[in-house]
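Novice: data.cif is the file, holding mmCIF, C-alpha atoms (C1' of nucleotides):
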```cif
data_start
loop_
_atom_site.label_atom_id
_atom_site.label_comp_id
_atom_site.auth_asym_id
_atom_site.auth_seq_id
_atom_site.Cartn_x
_atom_site.Cartn_y
_atom_site.Cartn_z
CA MET A 1 0.00 0.00 0.00
CA SER A 2 2.82 2.30 0.74
CA SER A 3 5.22 2.18 -2.17
CA GLN A 4 2.98 2.56 -5.17
CA ARG A 5 -0.30 4.34 -4.63
CA ALA A 6 -1.79 2.62 -7.65
CA TYR A 7 -1.66 4.46 -10.91
CA HIS A 8 -2.72 7.85 -9.70
CA HIS A 9 -0.47 9.28 -7.07
CA GLY A 10 -3.11 11.44 -5.53
CA ASP A 11 -1.22 14.62 -4.86
CA LEU A 12 1.87 14.41 -6.97
CA ARG A 13 2.05 18.14 -7.59
CA ARG A 14 2.42 19.03 -3.92
CA THR A 15 4.71 16.06 -3.29
CA VAL A 16 7.08 17.20 -6.01
CA LEU A 17 6.91 20.79 -4.80
CA THR A 18 7.88 19.99 -1.22
CA ALA A 19 10.61 17.61 -2.36
CA ALA A 20 11.97 20.35 -4.60
CA LEU A 21 11.92 22.79 -1.70
CA ASP A 22 13.90 20.32 0.38
CA VAL A 23 16.56 19.94 -2.29
CA ILE A 24 16.83 23.67 -2.86
CA ARG A 25 17.08 24.41 0.84
CA SER A 26 19.99 22.05 1.31
CA ASP A 27 21.82 22.22 -2.04
CA GLY A 28 20.52 25.22 -3.96
CA PRO A 29 18.41 25.46 -7.11
CA ALA A 30 21.28 24.30 -9.32
CA ALA A 31 21.20 20.85 -7.72
CA LEU A 32 17.55 20.35 -8.58
CA SER A 33 16.75 17.52 -10.99
CA LEU A 34 13.30 16.60 -12.24
CA ARG A 35 14.26 12.96 -12.53
CA ASP A 36 15.51 12.91 -8.97
CA LEU A 37 12.25 14.40 -7.76
CA ALA A 38 10.34 11.76 -9.71
CA ARG A 39 12.45 9.05 -8.10
CA ARG A 40 11.73 10.42 -4.62
CA ALA A 41 8.02 10.50 -5.33
CA GLY A 42 8.14 6.95 -6.73
CA VAL A 43 6.74 7.89 -10.12
CA SER A 44 7.94 7.78 -13.68
CA HIS A 45 10.64 10.20 -14.72
CA ALA A 46 8.28 12.16 -16.94
CA ALA A 47 5.42 12.48 -14.47
CA PRO A 48 6.48 15.80 -12.90
CA ALA A 49 6.66 17.42 -16.33
CA HIS A 50 2.94 16.90 -16.71
CA HIS A 51 2.27 19.19 -13.74
CA PHE A 52 4.92 21.82 -14.36
CA LYS A 53 5.72 21.49 -18.05
CA ASP A 54 9.33 22.50 -17.57
CA ARG A 55 12.08 22.66 -15.06
CA ALA A 56 11.57 26.40 -15.32
CA GLY A 57 7.86 25.78 -14.83
CA LEU A 58 8.48 24.08 -11.51
CA LEU A 59 10.69 26.93 -10.34
CA THR A 60 8.10 29.44 -11.56
CA ALA A 61 5.45 27.71 -9.47
CA ILE A 62 7.74 27.84 -6.45
CA ALA A 63 8.38 31.54 -6.98
CA ALA A 64 4.67 32.28 -7.32
CA GLU A 65 3.90 30.33 -4.15
CA GLY A 66 6.66 32.26 -2.42
CA PHE A 67 5.23 35.64 -3.41
CA ASP A 68 1.83 34.58 -2.14
CA LEU A 69 3.27 33.45 1.19
CA LEU A 70 5.14 36.74 1.42
CA ALA A 71 2.00 38.73 0.67
CA ALA A 72 0.15 36.87 3.43
CA THR A 73 2.96 37.53 5.89
CA LEU A 74 3.15 41.22 5.04
CA ALA A 75 -0.60 41.55 5.46
CA ASP A 76 -0.19 40.57 9.12
CA ALA A 77 2.29 43.35 9.81
CA THR A 78 1.14 46.17 12.05
CA ASP A 79 3.86 48.64 11.20
CA LEU A 80 6.42 49.39 8.51
CA ARG A 81 9.14 48.19 10.82
CA ASP A 82 7.08 45.14 11.61
CA ALA A 83 6.69 44.52 7.89
CA GLY A 84 10.47 44.51 7.60
CA VAL A 85 10.75 42.04 10.44
CA HIS A 86 8.14 39.84 8.75
CA TYR A 87 10.10 40.10 5.51
CA VAL A 88 13.30 38.90 7.18
CA ARG A 89 11.49 36.16 9.05
CA PHE A 90 9.92 34.98 5.81
CA ALA A 91 13.34 34.67 4.21
CA MET A 92 14.58 32.62 7.15
CA GLU A 93 11.57 30.32 7.31
CA HIS A 94 11.27 29.83 3.56
CA PRO A 95 14.82 30.10 2.26
CA ALA A 96 14.13 27.95 -0.79
CA HIS A 97 11.19 30.07 -1.88
CA PHE A 98 13.15 33.25 -1.25
CA GLN A 99 16.13 32.15 -3.31
CA VAL A 100 14.02 31.17 -6.28
CA MET A 101 11.81 34.25 -6.11
CA PHE A 102 14.73 36.55 -6.77
CA GLN A 103 16.47 34.66 -9.55
CA PRO A 104 14.48 35.63 -12.63
CA ASP A 105 16.71 33.62 -14.94
CA LEU A 106 15.11 30.49 -13.46
CA HIS A 107 11.53 31.51 -14.27
CA HIS A 108 9.13 31.72 -17.14
CA PRO A 109 9.09 35.49 -17.01
CA GLU A 110 5.62 35.96 -18.50
CA ASP A 111 3.80 33.41 -16.38
CA PRO A 112 0.52 35.04 -15.34
CA ALA A 113 0.34 33.31 -11.94
CA LEU A 114 3.81 34.54 -11.09
CA LEU A 115 3.07 38.08 -12.25
CA ALA A 116 -0.16 38.20 -10.25
CA ALA A 117 1.46 36.90 -7.07
CA ARG A 118 4.34 39.32 -7.41
CA THR A 119 1.91 42.18 -7.82
CA ARG A 120 -0.03 41.10 -4.73
CA ALA A 121 3.14 41.08 -2.63
CA GLY A 122 4.19 44.44 -4.03
CA ASP A 123 0.81 45.91 -3.13
CA ARG A 124 1.11 44.77 0.49
CA LEU A 125 4.54 46.37 0.62
CA ARG A 126 3.27 49.65 -0.77
CA GLU A 127 0.41 49.64 1.72
CA ALA A 128 2.78 49.28 4.63
CA VAL A 129 4.92 52.12 3.31
CA THR A 130 2.14 54.60 2.59
CA GLU A 131 0.64 53.95 6.02
CA ALA A 132 3.86 54.80 7.77
CA VAL A 133 5.22 57.64 5.70
CA ASP A 134 3.48 60.97 5.36
CA GLU A 135 5.44 62.31 2.44
CA ASP A 136 3.96 63.17 -0.89
CA ASP A 137 6.26 60.75 -2.61
CA PRO A 138 6.57 57.55 -0.63
CA ARG A 139 8.47 55.80 -3.38
CA LEU A 140 11.90 56.61 -2.03
CA ALA A 141 10.92 55.52 1.46
CA GLY A 142 9.54 52.31 0.00
CA ILE A 143 12.72 51.59 -1.91
CA ALA A 144 14.78 52.30 1.19
CA ALA A 145 12.75 50.02 3.43
CA TRP A 146 12.61 47.25 0.88
CA SER A 147 16.32 47.51 0.10
CA LEU A 148 17.29 47.35 3.75
CA ALA A 149 15.13 44.32 4.51
CA HIS A 150 16.00 42.56 1.29
CA GLY A 151 19.71 43.18 1.60
CA PHE A 152 19.78 41.98 5.18
CA ALA A 153 17.81 38.85 4.33
CA THR A 154 19.95 38.08 1.29
CA LEU A 155 23.25 38.55 3.11
CA LEU A 156 21.91 36.40 5.91
CA LEU A 157 20.95 33.53 3.62
CA THR A 158 24.26 33.67 1.76
CA HIS A 159 26.12 33.32 5.07
CA ASN A 160 27.71 36.74 4.81
CA LEU A 161 26.54 37.94 8.21
CA THR A 162 27.27 34.93 10.38
CA ALA A 163 30.28 36.55 11.96
CA PRO A 164 28.86 40.00 12.81
CA VAL A 165 25.43 38.75 13.84
CA GLY A 166 26.78 35.90 15.89
CA ASP A 167 24.21 33.90 17.78
CA ALA A 168 21.74 36.73 18.20
CA ALA A 169 18.29 36.31 16.68
CA PRO A 170 18.50 37.87 13.21
CA GLU A 171 15.06 39.42 13.60
CA ASP A 172 16.20 41.33 16.68
CA VAL A 173 19.34 42.46 14.89
CA PHE A 174 17.23 43.72 12.05
CA ARG A 175 14.90 45.52 14.42
CA SER A 176 17.77 47.45 15.94
CA LEU A 177 18.98 48.07 12.42
CA THR A 178 15.82 49.90 11.46
CA GLY A 179 15.97 51.61 14.81
CA MET A 180 19.37 53.07 14.19
CA LEU A 181 18.42 54.15 10.69
CA PHE A 182 14.91 55.53 10.81
CA THR A 183 14.86 57.08 14.27
CA ALA A 184 18.54 57.77 14.02
CA ARG A 185 20.18 60.74 15.65
CA SER A 186 18.26 63.77 14.58
CA ALA A 187 19.93 66.02 12.08
CA HIS A 188 23.54 65.27 12.70
CA PRO A 189 25.72 62.98 14.70
CA PRO A 190 25.50 63.89 18.37
CA ALA A 191 28.90 62.31 18.62
CA SER A 192 29.71 59.92 21.37
CA ARG A 193 31.23 62.31 23.87
CA MET B 1 45.60 31.84 -39.28
CA SER B 2 42.65 33.31 -37.54
CA SER B 3 40.41 30.42 -36.62
CA GLN B 4 42.83 28.10 -34.90
CA ARG B 5 45.71 29.74 -33.10
CA ALA B 6 47.84 26.65 -33.54
CA TYR B 7 47.80 24.16 -30.73
CA HIS B 8 48.11 26.52 -27.83
CA HIS B 9 45.38 29.04 -27.62
CA GLY B 10 47.50 31.60 -25.88
CA ASP B 11 45.14 32.90 -23.27
CA LEU B 12 42.38 30.38 -23.04
CA ARG B 13 41.73 30.99 -19.38
CA ARG B 14 40.81 34.64 -19.85
CA THR B 15 38.94 33.90 -23.09
CA VAL B 16 36.75 31.37 -21.32
CA LEU B 17 36.24 33.70 -18.40
CA THR B 18 35.01 36.61 -20.48
CA ALA B 19 32.82 34.34 -22.59
CA ALA B 20 31.31 32.95 -19.41
CA LEU B 21 30.66 36.46 -18.14
CA ASP B 22 28.87 37.26 -21.38
CA VAL B 23 26.62 34.24 -21.09
CA ILE B 24 25.84 34.90 -17.44
CA ARG B 25 25.07 38.55 -18.09
CA SER B 26 22.53 37.74 -20.76
CA ASP B 27 21.07 34.40 -19.62
CA GLY B 28 22.09 33.81 -16.02
CA PRO B 29 24.47 31.30 -14.46
CA ALA B 30 22.08 28.41 -15.07
CA ALA B 31 22.52 28.76 -18.84
CA LEU B 32 26.28 28.36 -18.60
CA SER B 33 27.78 25.31 -20.32
CA LEU B 34 31.42 24.39 -20.37
CA ARG B 35 31.08 22.76 -23.77
CA ASP B 36 29.46 25.86 -25.18
CA LEU B 37 32.29 27.99 -23.88
CA ALA B 38 34.79 25.61 -25.44
CA ARG B 39 32.96 25.88 -28.76
CA ARG B 40 33.05 29.68 -28.62
CA ALA B 41 36.76 29.63 -27.92
CA GLY B 42 37.33 27.14 -30.73
CA VAL B 43 38.95 24.53 -28.55
CA SER B 44 38.21 20.99 -27.52
CA HIS B 45 35.29 20.42 -25.18
CA ALA B 46 37.57 19.35 -22.35
CA ALA B 47 40.05 22.21 -22.61
CA PRO B 48 38.33 24.59 -20.18
CA ALA B 49 38.28 21.94 -17.50
CA HIS B 50 42.06 21.99 -17.48
CA HIS B 51 42.04 25.60 -16.30
CA PHE B 52 39.12 25.49 -13.89
CA LYS B 53 38.83 21.83 -12.98
CA ASP B 54 35.06 22.03 -12.59
CA ARG B 55 32.04 23.97 -13.61
CA ALA B 56 31.98 25.05 -9.99
CA GLY B 57 35.66 25.89 -10.32
CA LEU B 58 34.94 28.31 -13.16
CA LEU B 59 32.21 30.00 -11.14
CA THR B 60 34.49 30.11 -8.10
CA ALA B 61 37.13 31.89 -10.16
CA ILE B 62 34.53 34.39 -11.34
CA ALA B 63 33.38 35.02 -7.78
CA ALA B 64 36.95 35.54 -6.57
CA GLU B 65 37.66 37.95 -9.41
CA GLY B 66 34.46 39.78 -8.53
CA PHE B 67 35.43 40.20 -4.88
CA ASP B 68 38.80 41.57 -5.95
CA LEU B 69 37.19 44.05 -8.32
CA LEU B 70 34.83 45.07 -5.55
CA ALA B 71 37.68 45.55 -3.10
CA ALA B 72 39.49 47.77 -5.59
CA THR B 73 36.34 49.83 -6.15
CA LEU B 74 35.69 50.26 -2.44
CA ALA B 75 39.28 51.35 -1.88
CA ASP B 76 38.61 54.34 -4.12
CA ALA B 77 35.67 55.53 -2.06
CA THR B 78 36.11 58.73 -0.06
CA ASP B 79 33.12 58.35 2.20
CA LEU B 80 30.81 55.71 3.58
CA ARG B 81 28.08 57.00 1.36
CA ASP B 82 30.49 57.05 -1.54
CA ALA B 83 31.38 53.46 -0.76
CA GLY B 84 27.71 52.59 -1.07
CA VAL B 85 27.51 54.35 -4.42
CA HIS B 86 30.59 52.46 -5.57
CA TYR B 87 28.99 49.23 -4.41
CA VAL B 88 25.85 49.86 -6.45
CA ARG B 89 27.85 50.97 -9.46
CA PHE B 90 29.94 47.81 -9.26
CA ALA B 91 26.80 45.68 -9.34
CA MET B 92 25.57 47.55 -12.41
CA GLU B 93 28.86 47.38 -14.28
CA HIS B 94 29.65 43.78 -13.38
CA PRO B 95 26.26 42.11 -13.05
CA ALA B 96 27.61 38.67 -13.91
CA HIS B 97 30.29 38.83 -11.24
CA PHE B 98 27.80 40.16 -8.71
CA GLN B 99 25.27 37.42 -9.33
CA VAL B 100 27.82 34.65 -8.98
CA MET B 101 29.50 36.18 -5.93
CA PHE B 102 26.34 35.88 -3.87
CA GLN B 103 25.22 32.40 -4.84
CA PRO B 104 27.37 30.19 -2.63
CA ASP B 105 25.77 27.01 -3.92
CA LEU B 106 27.65 27.59 -7.19
CA HIS B 107 31.09 27.74 -5.58
CA HIS B 108 33.74 25.52 -4.13
CA PRO B 109 33.19 26.91 -0.66
CA GLU B 110 36.67 26.22 0.67
CA ASP B 111 38.64 27.64 -2.25
CA PRO B 112 41.49 29.67 -0.74
CA ALA B 113 41.56 32.28 -3.52
CA LEU B 114 37.86 32.93 -3.05
CA LEU B 115 38.15 33.15 0.72
CA ALA B 116 41.09 35.55 0.49
CA ALA B 117 39.35 37.82 -2.02
CA ARG B 118 36.18 37.87 0.05
CA THR B 119 38.17 38.82 3.13
CA ARG B 120 39.90 41.64 1.25
CA ALA B 121 36.56 43.08 0.14
CA GLY B 122 35.16 42.75 3.64
CA ASP B 123 38.15 44.60 5.06
CA ARG B 124 37.63 47.54 2.67
CA LEU B 125 34.01 47.66 3.74
CA ARG B 126 34.89 47.67 7.43
CA GLU B 127 37.44 50.42 6.85
CA ALA B 128 34.85 52.65 5.22
CA VAL B 129 32.44 52.03 8.10
CA THR B 130 34.86 52.65 10.96
CA GLU B 131 36.05 55.85 9.30
CA ALA B 132 32.54 57.24 9.08
CA VAL B 133 30.98 56.08 12.31
CA ASP B 134 32.19 57.16 15.71
CA GLU B 135 30.27 54.66 17.78
CA ASP B 136 31.86 52.12 20.03
CA ASP B 137 30.29 49.29 18.07
CA PRO B 138 30.38 49.96 14.34
CA ARG B 139 29.12 46.51 13.50
CA LEU B 140 25.46 47.49 13.41
CA ALA B 141 26.20 50.51 11.26
CA GLY B 142 28.23 48.30 8.93
CA ILE B 143 25.44 45.77 8.61
CA ALA B 144 22.96 48.55 7.95
CA ALA B 145 25.06 50.19 5.24
CA TRP B 146 25.92 46.92 3.59
CA SER B 147 22.31 45.69 3.72
CA LEU B 148 20.99 48.88 2.17
CA ALA B 149 23.50 48.92 -0.68
CA HIS B 150 23.28 45.19 -1.27
CA GLY B 151 19.50 45.10 -1.20
CA PHE B 152 19.24 48.02 -3.59
CA ALA B 153 21.75 46.49 -5.98
CA THR B 154 20.10 43.07 -5.86
CA LEU B 155 16.59 44.40 -6.41
CA LEU B 156 17.94 46.49 -9.26
CA LEU B 157 19.58 43.55 -11.00
CA THR B 158 16.51 41.35 -10.58
CA HIS B 159 14.38 44.03 -12.28
CA ASN B 160 12.31 44.69 -9.17
CA LEU B 161 12.91 48.43 -9.15
CA THR B 162 12.42 49.32 -12.79
CA ALA B 163 9.01 50.87 -12.19
CA PRO B 164 9.79 53.02 -9.11
CA VAL B 165 13.23 54.09 -10.27
CA GLY B 166 12.14 54.84 -13.79
CA ASP B 167 14.76 56.33 -16.04
CA ALA B 168 16.69 58.06 -13.27
CA ALA B 169 20.29 57.04 -12.76
CA PRO B 170 20.24 54.31 -10.10
CA GLU B 171 23.34 55.72 -8.43
CA ASP B 172 21.58 59.04 -7.86
CA VAL B 173 18.53 57.28 -6.50
CA PHE B 174 20.71 55.39 -4.10
CA ARG B 175 22.46 58.56 -3.02
CA SER B 176 19.17 60.19 -2.07
CA LEU B 177 18.27 56.92 -0.38
CA THR B 178 21.19 57.14 2.00
CA GLY B 179 20.41 60.81 2.44
CA MET B 180 16.88 60.22 3.58
CA LEU B 181 17.93 57.45 5.92
CA PHE B 182 21.02 58.65 7.69
CA THR B 183 20.14 62.31 8.07
CA ALA B 184 16.47 61.50 8.29
CA ARG B 185 14.01 63.60 10.23
CA SER B 186 14.43 63.22 13.96
CA ALA B 187 12.61 60.72 16.10
CA HIS B 188 9.23 60.36 14.55
CA PRO B 189 6.35 58.05 15.45
CA PRO B 190 5.45 56.02 12.39
CA ALA B 191 1.78 56.02 13.39
CA SER B 192 -0.35 57.53 10.69
CA ARG B 193 -3.08 59.25 12.65
"C1'" DC C 1 -26.05 1.85 -14.52
"C1'" DC C 2 -22.77 2.05 -18.09
"C1'" DC C 3 -19.66 4.16 -21.15
"C1'" DC C 4 -16.71 7.39 -22.87
"C1'" DC C 5 -13.65 11.36 -22.21
"C1'" DC C 6 -9.68 13.19 -20.49
"C1'" DA C 7 -6.39 14.14 -16.85
"C1'" DT C 8 -2.72 11.52 -15.17
"C1'" DC C 9 1.08 8.50 -15.47
"C1'" DT C 10 4.29 5.13 -18.08
"C1'" DG C 11 8.20 3.75 -20.82
"C1'" DG C 12 11.13 4.84 -24.55
"C1'" DT C 13 14.09 7.91 -27.17
"C1'" DC C 14 17.17 11.80 -28.47
"C1'" DA C 15 20.36 15.48 -27.94
"C1'" DC C 16 23.13 17.59 -24.65
"C1'" DT C 17 26.02 18.12 -20.60
"C1'" DG C 18 29.84 17.33 -16.97
"C1'" DT C 19 33.52 14.54 -15.88
"C1'" DC C 20 37.12 11.32 -16.45
"C1'" DC C 21 40.83 9.14 -19.18
"C1'" DG C 22 45.00 8.21 -22.26
"C1'" DG C 23 47.55 10.28 -25.61
"C1'" DA C 24 49.22 14.04 -28.75
"C1'" DT C 25 51.36 18.57 -29.20
"C1'" DT C 26 54.16 22.34 -28.00
"C1'" DC C 27 56.38 25.56 -24.82
"C1'" DA C 28 60.22 26.71 -21.54
"C1'" DG C 29 64.36 25.97 -19.18
"C1'" DC C 30 68.79 23.89 -19.14
"C1'" DG D 1 68.82 20.56 -29.00
"C1'" DC D 2 66.63 17.75 -25.28
"C1'" DT D 3 63.68 16.89 -21.78
"C1'" DG D 4 59.90 17.77 -18.50
"C1'" DA D 5 55.69 19.85 -17.87
"C1'" DA D 6 51.88 22.52 -19.19
"C1'" DT D 7 48.33 22.56 -22.46
"C1'" DC D 8 45.07 20.65 -25.56
"C1'" DC D 9 42.68 16.70 -28.16
"C1'" DG D 10 39.38 12.96 -28.85
"C1'" DG D 11 36.70 9.40 -26.94
"C1'" DA D 12 33.79 7.39 -23.47
"C1'" DC D 13 30.19 7.09 -19.82
"C1'" DA D 14 26.43 8.26 -16.84
"C1'" DG D 15 22.96 11.59 -15.88
"C1'" DT D 16 19.65 15.08 -17.43
"C1'" DG D 17 15.67 17.75 -19.82
"C1'" DA D 18 12.42 17.44 -23.30
"C1'" DC D 19 9.36 15.18 -26.34
"C1'" DC D 20 6.31 11.33 -27.89
"C1'" DA D 21 2.79 7.54 -28.29
"C1'" DG D 22 0.30 4.76 -25.49
"C1'" DA D 23 -1.56 2.64 -21.03
"C1'" DT D 24 -4.57 3.52 -17.02
"C1'" DG D 25 -8.48 4.74 -14.42
"C1'" DG D 26 -11.63 8.25 -12.29
"C1'" DG D 27 -15.68 11.01 -13.02
"C1'" DG D 28 -19.38 13.09 -15.49
"C1'" DG D 29 -23.04 12.66 -19.19
"C1'" DG D 30 -26.05 9.45 -21.46
#
```
Take the structure in the file and give it back as C-alpha cells.
Specialist:
Amino acid sequence: MSSQRAYHHGDLRRTVLTAALDVIRSDGPAALSLRDLARRAGVSHAAPAHHFKDRAGLLTAIAAEGFDLLAATLADATDLRDAGVHYVRFAMEHPAHFQVMFQPDLHHPEDPALLAARTRAGDRLREAVTEAVDEDDPRLAGIAAWSLAHGFATLLLTHNLTAPVGDAAPEDVFRSLTGMLFTARSAHPPASR
Amino acid sequence: MSSQRAYHHGDLRRTVLTAALDVIRSDGPAALSLRDLARRAGVSHAAPAHHFKDRAGLLTAIAAEGFDLLAATLADATDLRDAGVHYVRFAMEHPAHFQVMFQPDLHHPEDPALLAARTRAGDRLREAVTEAVDEDDPRLAGIAAWSLAHGFATLLLTHNLTAPVGDAAPEDVFRSLTGMLFTARSAHPPASR
DNA sequence: CCCCCCATCTGGTCACTGTCCGGATTCAGC
DNA sequence: GCTGAATCCGGACAGTGACCAGATGGGGGG
C-alpha cells in the first residue's frame, strides 16, 4: 500500500513541490533535478513534467507560491518596521522560496500566476509604506525600506553575516537596524562624547 | 591563421572567463555550459576543465575575481556614502560577477583564492564604516550600510525596481536613499493618525 | 447503470552536458 | 637541442531535460 499508490499518485504536484523545496534548501536550485524528484516520489521520470511542463515551470510555481506566502505575511504586519521584520522572518523560514523568487533567470518570465502573485506582494509592501510615511512621494521611502530588509535577508541567507550577527536572533538584529536608521540621531551625529 | 591559433590558444583561461561572463550577463548562471564555452573559444570540449577543474571551479574563479574588483572599487571611495555608491555601481557594471558572488551554492566553498578575495573586500568595507561612524560598536552601522546597498543592488539587477526608479540614474537614487535614511528627520512616530 | 472522455502517469528515445581518461602537441628551461 | 611539464585533443560514460505515443483509471453525461 505504501510504495505505489496505484496508478494515480493522488497529490503528486504538492509532493514534487515539497521535495523540490527540500533539495533547494539544502543544495541550492542548481542541484535540482526533475528525474531525482520523480524518483523520490516513486513515479515515472516524466510524471512531474505533466504538472509543471518544464524545469523552469516548476521553479516558476515555487516563486509564485513564495510571493503569495510573502504577501500573506506582510498583510499581518502592524507597522512598517514590523513589515520589515516579517520580511526577514519569511526569508529565514522559507529560504528555498526566497532564493528562487529573486532569480528571474530560473523563471518563465511571463507566467501570469507569477506576475499576479508578485503584484499582490508588491501591493502589500506599498500599503505598509504609505501607512507609515506621510510624504507626498513615498516611493523613495519604500525603496529604502525594501532595500534594507532585502539586503539583510539576502546577506543572511548567503552566510555573509554569520560573523557579525553571531548567535543573536536575526530578527532582533534587524529591528535594531531599522531603529538606528529611521529614528537615528536627529539632524547630525550627536557624537559619542 | 585566424580560426585556430595553432595548438596553444595563448590565453584560453581569460577567453573562457570573459565568454562565461557574457553568457551569465545575458542568460544567467544556469545557462552556462562548459562545452558551449569551449565551442566559442574554438577549442576541444575538455580544454576549459584543465584551467578550472570544474564547472563550480569556473564559477568560483569568477566570484573571486568579482570580490577583488569590488575591493578595488571600495578602496577608491572617499566616504561611507560614496562606498555605497561604488557598491551599487559595481553591481551595475559587473552584473555577472555580482550574481555569482552571492550564490554560494555555485562555488567551491573552501577555495582559498575565493576566501582571500572575500576577506579583502570585507576589510575595505569595514574600513569605510569605521572611518565614518564614531560609535563604540560599528558593527550594526556596517550591517545597515551593507544591507541597504546590497539590497538596492540586488533588487535592481533582478528588475524589481524598474518601475519606481524609472529612467533616473540608479546611483543618484541610491544617493538620495542614503540621504533620507542617515540624516532623516528626527525621532518620529510612524503612526499615521 | 454504463460508457466514454480526459487528466494523469508510463516507458522509450534523443540530444546535450559534466567529468574522467589516455595520448598528442608544444612551450620553456637547461 | 633535449627533456619535463603545461596545455590541448578525442573518446567514453552516466545523468539530465524534453518530447512522444500509449496505457490507465476516475468522473461526469447518457
Novice: Could the residues of chain D within 8 Å of chain A, counting only C-alpha atoms (C1' of nucleotides), be given as a ChimeraX atom specification, please?
Specialist: /D:16-17,24-25
Novice: Please list as a PyMOL selection string every residue within 12 Å of stretch 2-15 of chain C, counting all atoms listed in the file and excluding residues in the same chain fewer than 4 positions away.
Specialist: (chain A and resi 5-13+38+42-51) or (chain D and resi 16-30)
Novice: Each residue of chain A lying at most 9 Å from chain B should get a row with its shortest atom-to-atom pair and the distance in Å to one decimal, counting only C-alpha atoms; could you produce that, ordered by chain and increasing number, as a tab-separated table?
Specialist:
```
residue	atom	partner	partner_atom	distance
A:Asp27	CA	B:Asp105	CA	6.5
A:Gly28	CA	B:Asp105	CA	5.5
A:Pro29	CA	B:Asp105	CA	8.2
A:Ala30	CA	B:Ala30	CA	7.1
A:Ala31	CA	B:Asp105	CA	8.6
A:Asp79	CA	B:Pro190	CA	7.6
A:Leu80	CA	B:Pro190	CA	7.7
A:Arg81	CA	B:Pro190	CA	8.8
A:Phe102	CA	B:Thr158	CA	6.4
A:Gln103	CA	B:Thr158	CA	6.8
A:Pro104	CA	B:Thr158	CA	6.4
A:Asp105	CA	B:Gly28	CA	5.5
A:Leu106	CA	B:Ala30	CA	7.4
A:Thr130	CA	B:Ser192	CA	9.0
A:Glu131	CA	B:Ser192	CA	6.0
A:Ala132	CA	B:Pro190	CA	5.0
A:Val133	CA	B:Pro190	CA	6.9
A:Asp134	CA	B:Ser192	CA	7.4
A:Arg139	CA	B:Pro164	CA	6.5
A:Leu140	CA	B:Leu177	CA	6.6
A:Ala141	CA	B:Leu177	CA	7.7
A:Ile143	CA	B:Phe152	CA	7.6
A:Ala144	CA	B:Leu177	CA	6.0
A:Ala145	CA	B:Leu148	CA	8.4
A:Trp146	CA	B:Gly151	CA	7.5
A:Ser147	CA	B:Gly151	CA	4.2
A:Leu148	CA	B:Leu148	CA	4.3
A:Ala149	CA	B:Gly151	CA	7.2
A:His150	CA	B:Gly151	CA	5.0
A:Gly151	CA	B:Gly151	CA	3.4
A:Phe152	CA	B:Ser147	CA	4.7
A:Ala153	CA	B:Ser147	CA	8.2
A:Thr154	CA	B:Gly151	CA	7.5
A:Leu155	CA	B:Ser147	CA	7.2
A:Thr158	CA	B:Phe102	CA	6.4
A:His159	CA	B:Pro104	CA	8.4
A:Asn160	CA	B:Phe102	CA	8.8
A:Leu161	CA	B:Ile143	CA	7.9
A:Pro164	CA	B:Arg139	CA	6.6
A:Val165	CA	B:Arg139	CA	8.6
A:Val173	CA	B:Leu140	CA	8.1
A:Phe174	CA	B:Ala144	CA	8.5
A:Ser176	CA	B:Leu140	CA	8.1
A:Leu177	CA	B:Ala144	CA	6.0
A:Thr178	CA	B:Ala144	CA	8.1
A:Met180	CA	B:Ala141	CA	7.9
A:Leu181	CA	B:Leu181	CA	5.8
A:Phe182	CA	B:Leu181	CA	6.1
A:Thr183	CA	B:Ala187	CA	4.7
A:Ala184	CA	B:Ser186	CA	6.8
A:Arg185	CA	B:Ser186	CA	6.5
A:Ser186	CA	B:Ser186	CA	3.9
A:Ala187	CA	B:Thr183	CA	5.5
A:His188	CA	B:Thr183	CA	6.5
A:Pro189	CA	B:Thr183	CA	8.7
A:Ala191	CA	B:Asp134	CA	6.8
A:Ser192	CA	B:Glu135	CA	6.4
```
Novice: Using C-alpha atoms, can you export the residues from the last selection as a compact mmCIF listing (two decimals), keeping the file's coordinate frame?
Specialist:
```
# COMPACT_ATOMS: atom_id res chain seq x y z
CA ASP A 27 21.82 22.22 -2.04
CA GLY A 28 20.52 25.22 -3.96
CA PRO A 29 18.41 25.46 -7.11
CA ALA A 30 21.28 24.30 -9.32
CA ALA A 31 21.20 20.85 -7.72
CA ASP A 79 3.86 48.64 11.20
CA LEU A 80 6.42 49.39 8.51
CA ARG A 81 9.14 48.19 10.82
CA PHE A 102 14.73 36.55 -6.77
CA GLN A 103 16.47 34.66 -9.55
CA PRO A 104 14.48 35.63 -12.63
CA ASP A 105 16.71 33.62 -14.94
CA LEU A 106 15.11 30.49 -13.46
CA THR A 130 2.14 54.60 2.59
CA GLU A 131 0.64 53.95 6.02
CA ALA A 132 3.86 54.80 7.77
CA VAL A 133 5.22 57.64 5.70
CA ASP A 134 3.48 60.97 5.36
CA ARG A 139 8.47 55.80 -3.38
CA LEU A 140 11.90 56.61 -2.03
CA ALA A 141 10.92 55.52 1.46
CA ILE A 143 12.72 51.59 -1.91
CA ALA A 144 14.78 52.30 1.19
CA ALA A 145 12.75 50.02 3.43
CA TRP A 146 12.61 47.25 0.88
CA SER A 147 16.32 47.51 0.10
CA LEU A 148 17.29 47.35 3.75
CA ALA A 149 15.13 44.32 4.51
CA HIS A 150 16.00 42.56 1.29
CA GLY A 151 19.71 43.18 1.60
CA PHE A 152 19.78 41.98 5.18
CA ALA A 153 17.81 38.85 4.33
CA THR A 154 19.95 38.08 1.29
CA LEU A 155 23.25 38.55 3.11
CA THR A 158 24.26 33.67 1.76
CA HIS A 159 26.12 33.32 5.07
CA ASN A 160 27.71 36.74 4.81
CA LEU A 161 26.54 37.94 8.21
CA PRO A 164 28.86 40.00 12.81
CA VAL A 165 25.43 38.75 13.84
CA VAL A 173 19.34 42.46 14.89
CA PHE A 174 17.23 43.72 12.05
CA SER A 176 17.77 47.45 15.94
CA LEU A 177 18.98 48.07 12.42
CA THR A 178 15.82 49.90 11.46
CA MET A 180 19.37 53.07 14.19
CA LEU A 181 18.42 54.15 10.69
CA PHE A 182 14.91 55.53 10.81
CA THR A 183 14.86 57.08 14.27
CA ALA A 184 18.54 57.77 14.02
CA ARG A 185 20.18 60.74 15.65
CA SER A 186 18.26 63.77 14.58
CA ALA A 187 19.93 66.02 12.08
CA HIS A 188 23.54 65.27 12.70
CA PRO A 189 25.72 62.98 14.70
CA ALA A 191 28.90 62.31 18.62
CA SER A 192 29.71 59.92 21.37
```
